[in-house]
$ cat query-v8.cif   # mmCIF, C-alpha atoms
data_query
#
loop_
_atom_site.label_atom_id
_atom_site.label_comp_id
_atom_site.auth_asym_id
_atom_site.auth_seq_id
_atom_site.Cartn_x
_atom_site.Cartn_y
_atom_site.Cartn_z
CA MET A 38 -24.28 8.39 -68.07
CA ASP A 39 -26.87 10.77 -66.66
CA ALA A 40 -29.30 8.32 -65.08
CA ASP A 41 -31.68 11.08 -63.94
CA ALA A 42 -32.06 12.27 -67.55
CA LEU A 43 -32.60 8.71 -68.82
CA ILE A 44 -35.42 8.12 -66.35
CA GLN A 45 -36.98 11.43 -67.34
CA ALA A 46 -36.74 10.45 -71.02
CA ILE A 47 -38.70 7.29 -70.25
CA ALA A 48 -41.30 9.34 -68.40
CA SER A 49 -41.71 11.96 -71.12
CA SER A 50 -41.41 9.86 -74.30
CA ALA A 51 -41.31 6.15 -73.42
CA ASP A 52 -37.72 6.17 -74.70
CA ARG A 53 -36.70 2.54 -75.27
CA ARG A 54 -33.03 3.31 -75.85
CA ALA A 55 -32.87 5.20 -72.58
CA PHE A 56 -34.38 2.12 -70.93
CA ALA A 57 -31.81 -0.17 -72.54
CA GLN A 58 -28.98 2.01 -71.22
CA LEU A 59 -30.43 2.03 -67.72
CA PHE A 60 -31.01 -1.70 -67.83
CA GLU A 61 -27.47 -2.47 -68.90
CA HIS A 62 -26.05 -0.31 -66.17
CA PHE A 63 -28.34 -1.04 -63.25
CA ALA A 64 -29.80 -4.53 -63.69
CA PRO A 65 -26.45 -6.33 -63.12
CA ARG A 66 -25.77 -4.11 -60.10
CA VAL A 67 -29.18 -4.78 -58.58
CA LYS A 68 -28.59 -8.47 -59.14
CA GLY A 69 -25.19 -8.24 -57.45
CA LEU A 70 -26.62 -6.28 -54.53
CA LEU A 71 -29.39 -8.83 -53.98
CA MET A 72 -26.97 -11.75 -54.22
CA ARG A 73 -24.64 -10.18 -51.64
CA GLY A 74 -27.69 -9.99 -49.38
CA GLY A 75 -28.21 -13.73 -49.74
CA THR A 76 -30.85 -13.83 -52.50
CA PRO A 77 -30.33 -16.92 -54.72
CA PRO A 78 -29.12 -16.13 -58.28
CA ASP A 79 -32.36 -17.11 -60.09
CA LEU A 80 -34.49 -14.96 -57.84
CA ALA A 81 -31.97 -12.10 -57.96
CA GLU A 82 -32.16 -12.21 -61.77
CA GLU A 83 -35.97 -12.11 -61.69
CA LEU A 84 -36.10 -9.31 -59.11
CA ALA A 85 -33.46 -7.27 -60.99
CA GLN A 86 -35.53 -7.53 -64.17
CA GLU A 87 -38.69 -6.62 -62.22
CA THR A 88 -36.85 -3.66 -60.68
CA LEU A 89 -36.02 -2.20 -64.09
CA MET A 90 -39.54 -2.93 -65.33
CA THR A 91 -40.84 -0.96 -62.36
CA VAL A 92 -38.51 1.89 -63.30
CA TRP A 93 -40.24 1.93 -66.70
CA ARG A 94 -43.73 1.87 -65.20
CA LYS A 95 -43.08 4.43 -62.51
CA ALA A 96 -40.66 6.73 -64.33
CA ALA A 97 -43.16 9.60 -64.10
CA LEU A 98 -43.08 9.37 -60.30
CA PHE A 99 -39.29 9.77 -60.14
CA ASP A 100 -38.49 13.01 -58.35
CA PRO A 101 -34.79 13.89 -58.65
CA ALA A 102 -35.17 16.45 -55.86
CA LYS A 103 -36.04 13.64 -53.45
CA ALA A 104 -33.63 10.87 -54.37
CA GLY A 105 -30.94 10.29 -56.96
CA ALA A 106 -31.41 7.58 -59.56
CA SER A 107 -29.36 4.92 -57.75
CA THR A 108 -31.12 5.55 -54.46
CA TRP A 109 -34.52 5.41 -56.13
CA ILE A 110 -33.66 2.18 -57.92
CA ALA A 111 -32.24 0.67 -54.72
CA THR A 112 -35.51 1.42 -52.89
CA ILE A 113 -37.53 -0.18 -55.71
CA ALA A 114 -35.39 -3.32 -55.45
CA ARG A 115 -35.90 -3.26 -51.70
CA ASN A 116 -39.70 -3.03 -52.05
CA LEU A 117 -39.77 -5.93 -54.51
CA ARG A 118 -37.62 -8.02 -52.20
CA ILE A 119 -40.02 -7.32 -49.31
CA ASP A 120 -42.99 -8.16 -51.50
CA HIS A 121 -41.47 -11.41 -52.57
CA ALA A 122 -40.37 -12.45 -49.08
CA ARG A 123 -43.81 -11.81 -47.62
CA ARG A 124 -46.05 -12.74 -50.52
CA GLU A 125 -47.38 -15.82 -48.76
CA LYS A 126 -48.25 -13.94 -45.62
CA ARG A 127 -50.80 -11.46 -47.00
CA SER A 128 -48.41 -8.71 -46.05
CA ARG A 129 -49.31 -5.12 -46.87
CA LEU A 130 -45.92 -3.78 -45.95
CA SER A 131 -44.88 -2.79 -49.47
CA GLN A 132 -48.02 -0.60 -49.62
CA VAL A 133 -46.82 1.15 -46.49
CA TYR A 134 -43.48 1.94 -48.17
CA GLU A 135 -45.30 3.17 -51.26
CA ILE A 136 -47.56 5.46 -49.26
CA LEU A 137 -44.50 6.95 -47.56
CA GLU A 138 -42.81 7.51 -50.91
CA GLU A 139 -45.89 9.30 -52.28
CA GLU A 140 -45.86 11.66 -49.33
CA GLU A 141 -44.77 15.10 -50.35
CA GLY A 142 -43.05 15.41 -46.99
CA PRO A 143 -43.25 18.49 -44.79
CA GLU A 144 -39.66 19.48 -45.63
CA GLN A 145 -38.95 22.78 -47.38
CA PRO A 146 -37.76 21.98 -50.92
CA ASP A 147 -34.93 24.53 -50.89
CA ALA A 148 -33.56 23.08 -47.65
CA VAL A 149 -33.06 19.69 -49.28
CA LEU A 150 -29.98 18.55 -51.05
CA ALA A 151 -30.95 17.54 -54.60
CA GLY A 152 -31.18 13.77 -54.75
CA SER A 153 -28.44 13.32 -57.33
CA GLU A 154 -26.12 15.61 -55.37
CA ARG A 155 -26.83 13.61 -52.24
CA ASP A 156 -26.07 10.39 -54.14
CA SER A 157 -22.72 11.60 -55.43
CA ARG A 158 -21.75 12.92 -51.99
CA VAL A 159 -22.56 9.54 -50.47
CA ARG A 160 -20.46 7.82 -53.12
CA VAL A 161 -17.48 9.99 -52.27
CA ALA A 162 -18.03 9.44 -48.57
CA LEU A 163 -18.28 5.66 -48.99
CA LYS A 164 -14.86 5.66 -50.67
CA GLY A 165 -13.45 7.20 -47.50
CA LEU A 166 -14.57 4.31 -45.32
CA SER A 167 -12.20 1.54 -44.34
CA LYS A 168 -13.01 -1.94 -45.63
CA GLU A 169 -14.17 -2.97 -42.16
CA GLN A 170 -16.44 0.06 -41.80
CA TYR A 171 -17.87 -0.50 -45.29
CA ARG A 172 -18.81 -4.11 -44.52
CA VAL A 173 -20.53 -3.11 -41.29
CA VAL A 174 -22.44 -0.35 -43.11
CA GLU A 175 -23.48 -2.77 -45.83
CA LEU A 176 -24.78 -5.35 -43.35
CA ALA A 177 -26.52 -2.87 -41.07
CA PHE A 178 -27.93 -0.41 -43.61
CA LEU A 179 -28.61 -2.52 -46.64
CA GLU A 180 -29.35 -5.89 -45.27
CA GLY A 181 -30.90 -4.48 -42.12
CA PHE A 182 -29.21 -6.79 -39.62
CA SER A 183 -29.43 -5.72 -36.00
CA HIS A 184 -26.13 -4.67 -34.42
CA GLN A 185 -26.13 -7.96 -32.52
CA ASP A 186 -26.54 -9.97 -35.76
CA VAL A 187 -23.78 -8.00 -37.48
CA ALA A 188 -21.48 -8.76 -34.54
CA GLU A 189 -22.26 -12.47 -34.80
CA ARG A 190 -21.84 -12.65 -38.57
CA LEU A 191 -18.47 -10.91 -38.50
CA SER A 192 -17.37 -12.48 -35.20
CA ILE A 193 -16.50 -9.14 -33.65
CA PRO A 194 -17.66 -7.64 -30.35
CA LEU A 195 -20.94 -5.71 -30.29
CA GLY A 196 -19.11 -2.61 -29.06
CA THR A 197 -16.89 -2.70 -32.15
CA VAL A 198 -19.94 -2.87 -34.43
CA LYS A 199 -21.51 0.10 -32.68
CA SER A 200 -18.36 2.23 -32.78
CA ARG A 201 -17.66 1.42 -36.46
CA LEU A 202 -21.21 2.36 -37.39
CA ARG A 203 -21.13 5.52 -35.32
CA LEU A 204 -17.89 6.62 -37.00
CA ALA A 205 -19.14 5.67 -40.47
CA MET A 206 -22.44 7.48 -39.96
CA ALA A 207 -20.70 10.60 -38.64
CA HIS A 208 -18.40 10.52 -41.66
CA LEU A 209 -21.35 10.16 -44.08
CA ARG A 210 -23.38 12.88 -42.37
CA ARG A 211 -20.40 15.26 -42.51
CA HIS A 212 -20.28 14.85 -46.27
CA LEU A 213 -24.02 15.39 -46.55
CA GLU A 214 -24.02 18.46 -44.30
CA ASP A 215 -21.35 20.23 -46.37
CA LEU A 216 -23.79 21.58 -48.90
CA ARG A 217 -26.54 22.63 -46.57
CA MET B 265 -39.31 22.98 -27.49
CA ASN B 266 -37.56 19.92 -26.15
CA ALA B 267 -35.12 17.86 -28.16
CA ARG B 268 -37.10 15.63 -30.51
CA HIS B 269 -37.06 11.91 -30.08
CA LEU B 270 -36.21 10.22 -33.36
CA ALA B 271 -36.03 6.51 -34.08
CA SER B 272 -32.45 5.23 -33.68
CA ASP B 273 -30.22 4.71 -36.71
CA GLU B 274 -30.39 0.98 -36.04
CA THR B 275 -34.19 1.04 -36.24
CA LEU B 276 -34.22 3.29 -39.32
CA ALA B 277 -31.65 1.05 -41.02
CA GLY B 278 -33.77 -2.01 -40.27
CA PHE B 279 -36.76 -0.20 -41.73
CA ALA B 280 -34.82 0.98 -44.79
CA ALA B 281 -33.75 -2.59 -45.47
CA GLY B 282 -37.28 -3.93 -44.95
CA GLN B 283 -36.17 -6.28 -42.17
CA LEU B 284 -38.43 -5.24 -39.30
CA ASP B 285 -41.55 -7.04 -38.23
CA GLU B 286 -44.56 -5.60 -40.07
CA GLY B 287 -46.20 -4.33 -36.86
CA MET B 288 -43.01 -2.60 -35.71
CA SER B 289 -42.53 -1.24 -39.25
CA LEU B 290 -45.98 0.32 -39.20
CA VAL B 291 -45.24 2.34 -36.07
CA VAL B 292 -41.92 3.48 -37.56
CA ALA B 293 -43.76 4.43 -40.77
CA ALA B 294 -46.24 6.58 -38.82
CA HIS B 295 -43.23 8.34 -37.25
CA LEU B 296 -41.64 8.90 -40.67
CA GLU B 297 -44.91 10.22 -42.10
CA ILE B 298 -45.31 13.00 -39.53
CA ASN B 299 -41.73 13.79 -38.51
CA ALA B 300 -39.67 15.58 -41.17
CA ALA B 301 -36.37 15.12 -39.33
CA ALA B 302 -36.88 11.37 -39.17
CA ALA B 303 -37.82 11.28 -42.86
CA LYS B 304 -34.59 13.09 -43.69
CA ALA B 305 -32.53 10.69 -41.57
CA LEU B 306 -34.15 7.80 -43.47
CA ARG B 307 -33.33 9.39 -46.82
CA ASP B 308 -29.67 9.65 -45.75
CA ILE B 309 -29.67 5.95 -44.95
CA GLU B 310 -31.44 5.10 -48.23
CA ALA B 311 -28.84 7.18 -50.07
CA VAL B 312 -26.20 4.90 -48.55
CA GLY B 313 -28.10 2.03 -50.16
CA GLY B 314 -27.96 3.89 -53.46
CA GLY B 315 -24.23 4.47 -53.05
CA VAL B 316 -23.55 0.82 -52.32
CA LEU B 317 -25.66 -0.12 -55.37
CA ALA B 318 -23.77 2.30 -57.60
CA GLN B 319 -20.32 1.02 -56.74
CA GLY B 320 -21.12 -2.54 -55.82
CA GLU B 321 -20.11 -5.52 -57.88
CA ALA B 322 -22.23 -6.19 -60.96
CA VAL B 323 -23.33 -9.74 -61.76
CA PRO B 324 -24.08 -10.31 -65.47
CA MET B 325 -27.78 -10.66 -66.35
CA LEU B 326 -29.06 -13.63 -68.32
CA THR B 327 -31.99 -11.61 -69.64
CA SER B 328 -31.65 -8.42 -71.66
CA ALA B 329 -33.31 -5.04 -71.82
CA GLU B 330 -35.20 -6.29 -74.91
CA ASP B 331 -36.64 -9.17 -72.87
CA ALA B 332 -37.84 -6.73 -70.25
CA LEU B 333 -39.33 -4.39 -72.86
CA ALA B 334 -41.10 -7.33 -74.51
CA ARG B 335 -42.63 -8.29 -71.18
CA LEU B 336 -43.68 -4.68 -70.63
CA ASP B 337 -45.30 -4.56 -74.08
CA ARG B 338 -47.43 -7.60 -73.26
CA GLU B 339 -48.72 -5.99 -70.07
CA PRO B 340 -52.22 -4.58 -70.04
CA ASP B 341 -52.41 -0.93 -69.07
CA ASP B 342 -52.37 -0.55 -65.34
CA ALA B 343 -55.83 -0.40 -63.88
CA PRO B 344 -55.68 1.66 -60.72
CA GLY B 345 -56.08 -0.55 -57.66
CA PRO B 346 -58.96 -0.12 -55.26
CA VAL B 347 -58.52 2.91 -53.08
CA ARG B 348 -59.53 2.42 -49.51
CA ALA B 349 -61.43 5.20 -47.83
CA SER B 350 -59.35 6.57 -45.02
CA GLU B 351 -60.54 7.98 -41.78
CA VAL B 352 -59.87 11.63 -41.16
CA GLY B 353 -56.97 12.26 -38.82
CA LEU B 354 -55.37 8.83 -39.15
CA PRO B 355 -51.86 8.46 -40.56
CA ARG B 356 -52.04 7.50 -44.23
CA VAL B 357 -49.77 4.52 -43.65
CA LEU B 358 -52.63 2.87 -41.74
CA GLN B 359 -54.81 2.81 -44.87
CA PRO B 360 -53.98 -0.78 -45.88
CA TYR B 361 -55.07 -2.14 -42.48
CA ASP B 362 -58.33 -2.87 -40.70
CA LEU B 363 -58.87 -1.11 -37.42
CA GLY B 364 -61.07 -2.21 -34.57
CA ARG B 365 -63.40 0.04 -32.65
CA TRP B 366 -62.33 2.23 -29.77
CA HIS B 367 -63.13 0.63 -26.46
CA PRO B 368 -62.45 1.85 -22.94
CA ILE B 369 -59.86 -0.05 -20.93
CA GLY B 370 -59.82 1.96 -17.75
CA ARG B 371 -60.52 5.41 -16.47
CA GLY B 372 -59.70 7.96 -19.16
CA VAL B 373 -57.99 5.43 -21.44
CA ALA B 374 -59.32 3.87 -24.65
CA MET B 375 -57.72 1.42 -27.03
CA ARG B 376 -58.24 0.39 -30.61
CA ARG B 377 -56.72 -2.65 -32.27
CA VAL B 378 -54.85 -2.37 -35.58
CA HIS B 379 -55.02 -5.70 -37.41
CA VAL B 380 -51.68 -6.49 -39.03
CA PRO B 381 -51.84 -9.99 -40.51
CA GLY B 382 -48.53 -11.77 -40.36
CA ALA B 383 -47.02 -9.46 -37.74
CA GLN B 384 -45.49 -10.84 -34.59
CA ALA B 385 -45.95 -7.56 -32.75
CA ARG B 386 -49.40 -6.55 -31.52
CA VAL B 387 -50.37 -3.11 -32.77
CA PHE B 388 -52.94 -0.80 -31.24
CA MET B 389 -53.82 2.84 -30.82
CA LEU B 390 -54.18 4.31 -27.37
CA ARG B 391 -56.03 7.46 -26.40
CA ALA B 392 -55.66 8.89 -22.93
CA ALA B 393 -57.47 11.82 -21.32
CA PRO B 394 -55.51 14.88 -20.13
CA GLY B 395 -53.63 14.32 -16.90
CA THR B 396 -54.02 10.52 -16.87
CA TRP B 397 -51.26 8.41 -15.35
CA LEU B 398 -50.77 5.25 -17.34
CA PRO B 399 -49.90 2.34 -15.07
CA GLU B 400 -46.22 1.80 -14.38
CA HIS B 401 -44.97 -1.11 -16.42
CA ARG B 402 -42.00 -2.91 -17.84
CA HIS B 403 -41.61 -5.20 -20.85
CA THR B 404 -40.20 -8.53 -21.77
CA GLY B 405 -39.88 -7.37 -25.40
CA ASN B 406 -39.90 -4.09 -27.29
CA GLU B 407 -42.53 -1.39 -27.06
CA TRP B 408 -42.32 1.19 -29.83
CA THR B 409 -44.65 4.17 -29.80
CA THR B 410 -45.30 7.05 -32.18
CA ILE B 411 -47.18 9.99 -30.69
CA LEU B 412 -49.94 11.08 -33.07
CA ALA B 413 -51.43 13.90 -30.99
CA GLY B 414 -50.86 15.49 -27.60
CA ALA B 415 -47.99 14.32 -25.41
CA TYR B 416 -46.86 12.30 -22.43
CA GLU B 417 -43.88 12.42 -20.16
CA HIS B 418 -41.97 9.75 -18.27
CA GLU B 419 -38.54 8.89 -16.88
CA TYR B 420 -36.96 9.23 -20.36
CA GLY B 421 -38.36 12.65 -21.31
CA ARG B 422 -41.36 14.33 -22.89
CA PHE B 423 -42.81 12.79 -26.05
CA ALA B 424 -45.04 14.93 -28.28
CA ARG B 425 -46.63 14.59 -31.74
CA GLY B 426 -44.19 13.01 -34.19
CA ASP B 427 -41.86 11.65 -31.52
CA PHE B 428 -40.80 8.02 -31.35
CA ASP B 429 -40.47 6.22 -28.04
CA GLU B 430 -38.26 3.16 -28.42
CA ALA B 431 -38.49 1.11 -25.23
CA ASN B 432 -36.89 -2.29 -24.81
CA GLU B 433 -36.92 -4.86 -22.05
CA ASN B 434 -34.67 -2.72 -19.87
CA HIS B 435 -37.12 0.16 -19.67
CA GLU B 436 -39.53 0.52 -16.81
CA HIS B 437 -41.69 3.56 -17.12
CA HIS B 438 -44.73 5.35 -15.79
CA PRO B 439 -46.10 7.77 -18.39
CA HIS B 440 -48.02 10.89 -17.37
CA VAL B 441 -50.30 12.25 -20.08
CA ASP B 442 -50.21 15.97 -20.91
CA ALA B 443 -52.58 17.83 -18.60
CA VAL B 444 -54.11 19.94 -21.40
CA GLU B 445 -53.84 18.05 -24.65
CA GLY B 446 -54.18 14.42 -23.63
CA CYS B 447 -52.44 11.94 -25.89
CA THR B 448 -53.15 9.66 -28.83
CA CYS B 449 -50.47 7.25 -29.94
CA ILE B 450 -49.87 4.08 -31.92
CA VAL B 451 -47.96 1.27 -30.24
CA ALA B 452 -46.34 -1.95 -31.39
CA LEU B 453 -45.49 -4.48 -28.78
CA THR B 454 -43.53 -7.71 -28.67
CA GLY B 455 -43.35 -9.96 -25.64
CA GLU B 456 -45.30 -9.24 -22.50
CA VAL B 457 -46.09 -6.09 -20.60
CA LYS B 458 -45.90 -6.39 -16.84
CA PHE B 459 -47.91 -3.84 -14.91
CA ARG B 460 -47.37 -2.86 -11.34
CA GLY B 461 -49.94 -2.06 -8.70
CA TRP B 462 -53.62 -2.88 -8.36
CA LEU B 463 -54.75 -0.83 -11.38
CA GLY B 464 -52.17 -2.53 -13.52
CA ARG B 465 -53.33 -5.97 -12.38
CA LEU B 466 -56.85 -5.04 -13.43
CA LEU B 467 -55.60 -3.91 -16.82
CA GLN B 468 -53.37 -6.91 -17.41
CA PRO B 469 -56.00 -9.19 -18.99
CA LEU B 470 -57.39 -6.34 -21.09
CA VAL B 471 -54.09 -5.49 -22.67
CA ARG B 472 -53.40 -9.02 -23.73
CA LEU B 473 -55.33 -8.17 -26.91
#
$ encode --input "query-v8.cif" --output "structure tokens"
Amino acid sequence: MDADALIQAIASSADRRAFAQLFEHFAPRVKGLLMRGGTPPDLAEELAQETLMTVWRKAALFDPAKAGASTWIATIARNLRIDHARREKRSRLSQVYEILEEEEGPEQPDAVLAGSERDSRVRVALKGLSKEQYRVVELAFLEGFSHQDVAERLSIPLGTVKSRLRLAMAHLRRHLEDLR
Amino acid sequence: MNARHLASDETLAGFAAGQLDEGMSLVVAAHLEINAAAAKALRDIEAVGGGVLAQGEAVPMLTSAEDALARLDREPDDAPGPVRASEVGLPRVLQPYDLGRWHPIGRGVAMRRVHVPGAQARVFMLRAAPGTWLPEHRHTGNEWTTILAGAYEHEYGRFARGDFDEANENHEHHPHVDAVEGCTCIVALTGEVKFRGWLGRLLQPLVRL
């Protein structure tokens, strides 16, 4: 499945079959991701559906040079989760994330790894992590726990968290640097 | 040029996951907006999120693509939301927020409040004249700063436009503002700031915001 092409088909011709394919692939994964982060199943279902609906609405803004499809979809799910968590507090934080995503960015386009290439490199790199490293990466990078909180949740020393993350990050960056 | 000061991976990861306090997030966002290296580091971390999504465990959906399309069909066409006028020279990420007026808080130093409803951190902009010494101080919480223009220097190095200064309760510092360019920055603060010396004691009540 070429997710980049499916999103572009939605953008160019409101392609409902492309949407159905994306939905079947990504909605259950977004739901799983949210549930691993502690979101209750009902809410995870709702946010996963909203995530894919946002993909439909914003398909024209998808820029495969900036982020691959899974990364883009993961950031949409993240923004919706923030929105939901802070809805009562008049938070404007999701607008801040949106403004940043609209930014063209001062980076030279030819110096950037294409988003889909970056995504597949990261997938390969993640397979090279030990189970322990993977869990620490998941807690620190996806769920955004501080190093101290990760240490407490996994009942391991803070130094161990820091060294696992340092090694994992170095490993990931090595894979990403290869193509530059 | 000196080595650039980027936000730590821990801070960027917290931002990528949407877990930071809104005031702290705003100062990180200003850093990401004007510092390309930081923006790239964030994209690497977000790509990790994409990778975990791609190979993570799927949980079956109760609703289908057809349900989602039906909901989309019922939606009215998106009316563009109100666009807020932005002030020239301010980071775009400040657009959603109300800003106070500049007011002087000491010789050569002015401050402007950024109103972030729901934030625990206090957020403000600071503008200091060339050559100013800001009072020596330490913190009981975190003090995160993004330099928007000019530069300052203290015990931990020189911080210029786009840099991020991530100080925690262990830092005690005494910033000296660039003698030519002065400095404008945005700061988010948790806990208390403790100033030293007579000037600091005069400033203390003013900085309580």
$ closest_atom_pairs --input "query-v8.cif" --of "chain B" --to "chain A" --cutoff "7 Å" --atoms "all atoms listed in the file" --output "CSV"
residue,atom,partner,partner_atom,distance
B:Glu274,CA,A:Ser183,CA,6.8
B:Ala277,CA,A:Phe178,CA,4.8
B:Gly278,CA,A:Gly181,CA,4.2
B:Ala281,CA,A:Gly181,CA,4.8
B:Gly282,CA,A:Ile119,CA,6.2
B:Gln283,CA,A:Gly181,CA,5.6
B:Glu286,CA,A:Leu130,CA,6.3
B:Glu297,CA,A:Leu137,CA,6.4
B:Ala300,CA,A:Pro143,CA,5.9
B:Ile309,CA,A:Phe178,CA,6.7
B:Glu310,CA,A:Thr108,CA,6.3
B:Ala311,CA,A:Thr108,CA,5.2
B:Val312,CA,A:Val159,CA,6.2
B:Gly313,CA,A:Leu179,CA,5.8
B:Gly314,CA,A:Thr108,CA,3.7
B:Gly315,CA,A:Arg160,CA,5.0
B:Leu317,CA,A:Arg66,CA,6.2
B:Ala318,CA,A:Ser107,CA,6.2
B:Gly320,CA,A:Arg66,CA,6.5
B:Glu321,CA,A:Gly69,CA,5.8
B:Ala322,CA,A:Arg66,CA,4.2
B:Val323,CA,A:Pro65,CA,4.8
B:Pro324,CA,A:Pro65,CA,5.2
B:Met325,CA,A:Pro65,CA,5.6
B:Ala329,CA,A:Ala57,CA,5.1
B:Ala332,CA,A:Met90,CA,6.4
B:Leu336,CA,A:Met90,CA,6.9
B:Val357,CA,A:Val133,CA,5.3
B:Pro360,CA,A:Arg129,CA,6.5
B:Pro381,CA,A:Ser128,CA,6.6
B:Gly382,CA,A:Lys126,CA,5.7
$ resolve_selection --input "query-v8.cif" --expression "the PyMOL selection byres ((chain A and resi 38-50) around 6)" --output "PyMOL selection string"
chain A and resi 51-52+55+96-97+106
$ resolve_selection --input "query-v8.cif" --expression "the PyMOL selection byres ((chain B and resi 385-391) around 7)" --output "NGL selection string"
:B and (287-288 or 373-378 or 383-384 or 392-393 or 447-454)
$ atom_distance --input "query-v8.cif" --atom1 "CA of Thr275 (chain B)" --atom2 "CA of Gln185 (chain A)"
12.6 Å
$ atom_distance --input "query-v8.cif" --atom1 "CA of Glu169 (chain A)" --atom2 "CA of Leu191 (chain A)"
9.7 Å
$ closest_residue --input "query-v8.cif" --among "B:Ala424, B:Leu326, B:Leu354, B:Leu270" --to "Val292 (chain B)" --atoms "all atoms listed in the file"
B:Leu270
$ atom_distance --input "query-v8.cif" --atom1 "CA of Leu358 (chain B)" --atom2 "CA of Ala415 (chain B)"
20.5 Å
$ residues_around --input "query-v8.cif" --residues "region 396-413 of chain B" --least-positions-apart "5" --cutoff "6 Å" --atoms "only C-alpha atoms" --output "PyMOL selection string"
chain B and resi 295+424-433+436-441+447-460+464
$ closest_residue --input "query-v8.cif" --among "B:Tyr416, B:Gln359, B:His435, B:Asp273" --to "Ala205 (chain A)" --atoms "only C-alpha atoms"
B:Asp273
$ closest_residue --input "query-v8.cif" --among "A:Arg211, A:Thr88, A:Gly165, A:Ala151" --to "Ala102 (chain A)" --atoms "all atoms listed in the file"
A:Ala151
$ axis_aligned_box --input "query-v8.cif" --around "region 301-314 of chain B" --padding-each-side "3 Å" --output "AutoDock Vina command-line options"
--center_x -32.0 --center_y 8.6 --center_z -46.3 --size_x 17.6 --size_y 19.1 --size_z 20.3
